[in-house]
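Chemist: This is the structure, below, for whatever I ask next.
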Amino acid sequence: MEELIQQLANGVTKGSYYALIALGYTMVYGIIQLINFAHGEVFMLGAFIGLWTFNLGASAFGWSGTSLVALVVVLLMATVLTPVVGLSLERFAYRPLRHAPRLAPLITALGASFALQQIVAVFYSRSFLAFPDLFPSTTFQIGGTSIQLLWIFMIGLALSLTFILTAFIRTTRLGKAMRATAEDADTARLMGINVDQIIALTFIIGSALAGVGGVMAGMYLGQVNFFMGFIAGLKAFTAAVLGGIGNIGGAVLGAFLLGILETFGAAYLGGQWQDVFAFGVLILVLVFRPTGLLGERVSG
Amino acid sequence: MAAPTTVAGPEGEADRAERLARLRARLRLPLVAGPAGGLVGVAGCYLYWTLSTVRVEGVPLSGRLVDFGFGGVRLWALLMSVAAIVYSGLLLRRRGSLTSRQGQALVRLGIGLVVVPLLWVLTLFTFLDAELSRVGPGPWVTMAGGVLVWLAGRGLLTAPPAPAAEEWPRRSALIDLALVLAAELVAYLVFLTGIAVDDPGEFLGFFAAITALGATLSTLGVFKGLNGPFSRNAGFAIGLLAVLLLLFPLTQAGNTFWIQVTAQAGLFILAALGLNIVVGSAGLLDLGYVAFFGIGAYTAALTGNALLTNLNFHIPFLVVLFVVSPMVAAIFGVLLGAPTLRLRGDYLAIVTLGFGEIVRITLNNLDAVTRGPNGISSIPDPVISGWSIGDGFSFGGAEITGNAVYLYLELILIAFTLTVIYRLNDSRTGRAWVAVREDEVAAAAMGINTTTVKLLAFGAGAWFAGMAGAANAHLITQVSPDSFTFAISVLILAMVVLGGLGNPPGVVLGAIILTYLPEKLREFSDIRFLVFGFALVLMMRFRPEGLLPSARRRRELRATGETAAAESQQLFDVRSGT
């Protein structure tokens with residue numbers, strides 16, 4: 001039983017950063033029906049931007065390890081810089097192809113994903129790099145389960161960002177415009193909505209969330225490498241599909257579920273089968289319930 | 001608002017004459033710039049390219065780089081400059097009837113003349129760590145000449161458009177045969193030269209020059225024109241090509257390296273042709289294609305008498321190659337495809353990606369059968385009725401090595417595959433693939449069972465991948481999960497996209513380029529995948545139909561954009577009218 005709860009806690013924590021990536025996938029898909037393969041790479045870049053910022057701070061202000069200031073600055077930098085990547089992707093790779101046959105933007109997305117990975121590999125590092133412990137490594141014992149303060153922080157951050165995002169989409173004018181664009185871009189344009197701007201906004205929000213996810217994953221896993229976005233992105237996409245693509249609540253639910261399923265799978269089948277488990281879930285969901293658990297929806 | 005096109009009466013006549021005169025005046029300057037640019041280019045070729053003190057590891061480079069080597073950069077730059085002079089000279093004589101296509105051709109020549117020396121300088125600068133100040137005036141002057149040629153071409157772009165290129169008509173049987181012979185020999189010589197050029201800087205220059213010259217010829221309609229003689233003499237063309245390819249190992253003077261690379265290229269051609277059925281013909285994006293390649297390879301490894309394996313039962317090689325490996329791969333293809341092919345296209349991409357990873361991880365973890373990460377190694381050369389093909393044979397006094405035999409075997413496989421693919425494309429199934437690709441709903445309405453048709457494409461693609469995999473296992477004598485990563489799937493996809501989605505000759509070209517280029521540019525192997533990624537993005541953006549597009553696919557990939565543009569144009573007119 002204790003073992004079970006421990007795994008559950010691990011899984012939910014993992015799910016929290018999957019959720020932040022999945023939100024970007026689901027929003028972009030909801031609005032322009034494109035699987036943004038490069039989104040996982042934006043997440044990876046978030047982690048690397050975090051690491052880079054920390055290293056800068058370490059040499060300029062002598063940051064070392066746990067520091068609240070460093071944590072906030074690192075998170076902010078990731079949130080500010082990743083949208084630049086997402087926005088350039090949208091502007092230079094996807095927008096010119098918006099009216100092309102569907103195969104074209106998919107191949108472009110794939111190429112962009114590859115290029116981003118390799119940019120980091122070639123110009124930064126190919127090896128696993130240690131990510132600093134920005135968060136105090138306090139551990140609670142609840143019953144026989146040990147829970148780190150970091151985990152609670154991650155879950156809390158993911159949930160509150162989701163909450164803010166939902167509120168934004170439900171209540172603000174821009175959110176309303178996003179929903180309208182997702183529902184019918186042409187009609188939205190006729191209603192005076194600048195569809196290009198709304199799509200760009202979607203990419204900005206999605207990338208910023210993935211950037212935060214990247215920093216969280218860096219702290220959770222303790223290391224980063226240029227390849228981390230590929231598998232994580234694939235899993236986040238699985239989560240988005242599991243919950244019902246285009247559906248924000250669904251993406252988060254799917255992410256937590258996938259995190260839990262995966263940890264259990266790893267615990268009982270052996271860690272080397274962990275990824276097989278996640279992709280198996282993806283295939284099963286797509287075959288038996290392609291609309292996901294909560295059903296497809298257009299943003300909201 | 002569109003300007004009125006024809007106005008009757010003397011006034012219209014005068015207006016037209018005046019416009020023509022203005023056009024002439026605008027054309028004169030560019031026409032002088034063309035030959036002038038070419039002359040500057042020639043001058044650049046004869047100036048110093050490096051100062052003599054560039055040293056790499058203590059050896060002065062000047063001797064090698066300053067000479068006009070065979071296939072060397074300066075030779076190509078010189079050739080292109082002369083071509084620019086001759087061609088723009090010809091245009092000067094015919095200045096009355098110029099077309100924008102001729103301008104386009106000059107533009108491409110000019111760009112080539114800039115890029116060739118530029119790449120050479122960049123290689124020298126980055127990879128060889130030479131200081132930029134050591135580069136002589138030659139390349140810069142040549143680049144300036146290229147800019148002039150480019151400007152000349154730009155100036156001509158305002159000329160009226162030319163009619164579409166046509167296939168050259170039959171003049172006489174002899175001329176037809178001579179054209180085919182000349183085209184194939186030139187292509188063969190270019191190929192051999194490419195192999196012979198060793199220095200990475202020289203090779204990049206060579207590659208850029210060939211690309212620019214090819215683009216120029218293509219603009220002028222030469223390739224389209226050659227279609228005529230080639231289609232009239234298909235048998236002769238194929239026979240000649242076969243002879244040239246069979247002679248290839250003999251041109252390598254006992255050096256097996258490039259034979260080995262060519263054999264590798266042959267396998268990639270096979271795999272890419274298979275993927276082309278799935279992506280190009282049927283329009284299904286398969287991102288886990290390497291899984292079928294891997295399944296074929298492991299099947300061959302397990303049935304091929306490998307020394308280091310946990311499980312071994314021997315099946316004769318030819319049976320494995322033509323039946324067992326392809327069948328096993330195709331069965332997996334159908335097993336994966338059956339439940340997933342009714343999904344939307346983009347879901348399929350991600351499912352196949354997941355499948356590819358599952359297969360790789362499974363191969364990695366099933367130690368009992370696959371020996372895990374170590375893989376199966378020491379796979380012997382296949383034995384066909386007592387003769388091990390690795391021993392090679394001698395023919396008329398010429399020694400044919402084992403590698404070359406593999407190459408011959410692959411040529412047979414490729415010929416077989418191409419035949420099957422062309423027959424398939426012309427069949428009911430092939431037309432059904434195209435229909436499903438272009439409009440699935442309409443295809444279903446026409447009575448096509450779309451799921452079956454897609455499944456067939458998936459199975460056929462997997463079949464050829466399995467075959468290629470089986471040959472690959474024996475060629476490189478080992479299989480391991482590391483050889484079947486997602487990156488290889490992307491590599492094969494890049495071959496298909498680069499060459500031309502849906503067009504087998506294009507796919508073959510793409511596979512050849514993407515196998516040789518990394519071997520030629522080993523010094524740049526670090527950035528290989530970076531270049532692939534960017535290449536995919538840029539191709540989709542600027543030339544989605546690939547280097548050698550199929551006519552239908554080109555129309556299709558270009559059409560949507562043009563229709564959209566036409567629609568927005570209409571919208572604009574309506575607005576400006578009110």
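Every chain in the structure tokens takes a letter, A first, then B, and so on in the order presented; its residues are numbered from 1, and the ligands are numbered from 1 following the presented order.
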Given a cut-off of 9 Å, which residues of chain A touch chain B, counting only C-alpha atoms, written out as a VMD selection string?

Modeler: chain A and resid 33 to 35 92 to 94 96 to 119 121 to 122 234 237 to 238 272 to 273 275 to 280 282 to 283 286 to 288 290

Chemist: For segment 414-423 of chain B, work out the shell of residues within 7 Å, counting only C-alpha atoms and skipping chain neighbours fewer than 4 positions away, then give it as an MDAnalysis selection string.

Modeler: chainID B and resid 270 410 427

Chemist: Save out the residues we just selected, C-alpha atoms, as an mmCIF file, in the first residue's frame.

Modeler:
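As written to disk, part-v3.cif reads:
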```cif
data_model
loop_
_atom_site.group_PDB
_atom_site.id
_atom_site.type_symbol
_atom_site.label_atom_id
_atom_site.label_comp_id
_atom_site.auth_asym_id
_atom_site.auth_seq_id
_atom_site.Cartn_x
_atom_site.Cartn_y
_atom_site.Cartn_z
ATOM 1 C CA LEU B 270 15.351 0.430 -51.767
ATOM 2 C CA GLU B 410 21.136 -4.629 -55.030
ATOM 3 C CA SER B 427 -2.641 -0.336 -61.788
#
```

Chemist: Calculate how many Å separate atom CA of Leu220 of chain B from atom CA of Gly38 of chain B, rounding to one decimal.

Modeler: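 So the answer is 18.7 Å.
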
Chemist: Enter the distance from atom CA of Thr251 of chain B to atom CA of Gly402 of chain B, in Å, rounded to one decimal.

Modeler: 15.4 Å

Chemist: Apply DSSP to the backbone of this structure and, from segment 45-278 of chain A, keep only the residues in strand (DSSP E or B); write these as JSON, numbers by chain.

Modeler: {"A": [129, 130, 139, 140, 141, 142, 145, 146, 147, 148, 223, 224]}

Chemist: Could you state the separation of atom CA of Ala404 of chain B and atom CA of Ala253 of chain B in Å, given to one decimal place?

Modeler: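 Atom-to-atom, atom CA of Ala404 of chain B to atom CA of Ala253 of chain B, that is 12.3 Å.
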
Chemist: Using only C-alpha atoms, pick whichever of A:Glu183, A:Ser125, A:Asn10, A:Tyr17 has the shortest atom-to-atom distance to Ala266 of chain A.

Modeler: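 Of A:Glu183, A:Ser125, A:Asn10, A:Tyr17, the one nearest Ala266 of chain A, counting only C-alpha atoms, is A:Asn10.
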
Chemist: Smallest atom-to-atom distance to Ala330 of chain B: which of B:Ala187, B:Ala301, B:Leu455, B:Ala271, using only C-alpha atoms?

Modeler: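 Going through B:Ala187, B:Ala301, B:Leu455, B:Ala271 one by one, the smallest distance to Ala330 of chain B is for B:Leu455.
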
Chemist: Thr139 of chain A: which residues within 10 Å, counting only C-alpha atoms, same-chain residues fewer than 5 positions away excluded, as a PyMOL selection string?

Modeler: chain A and resi 145-151
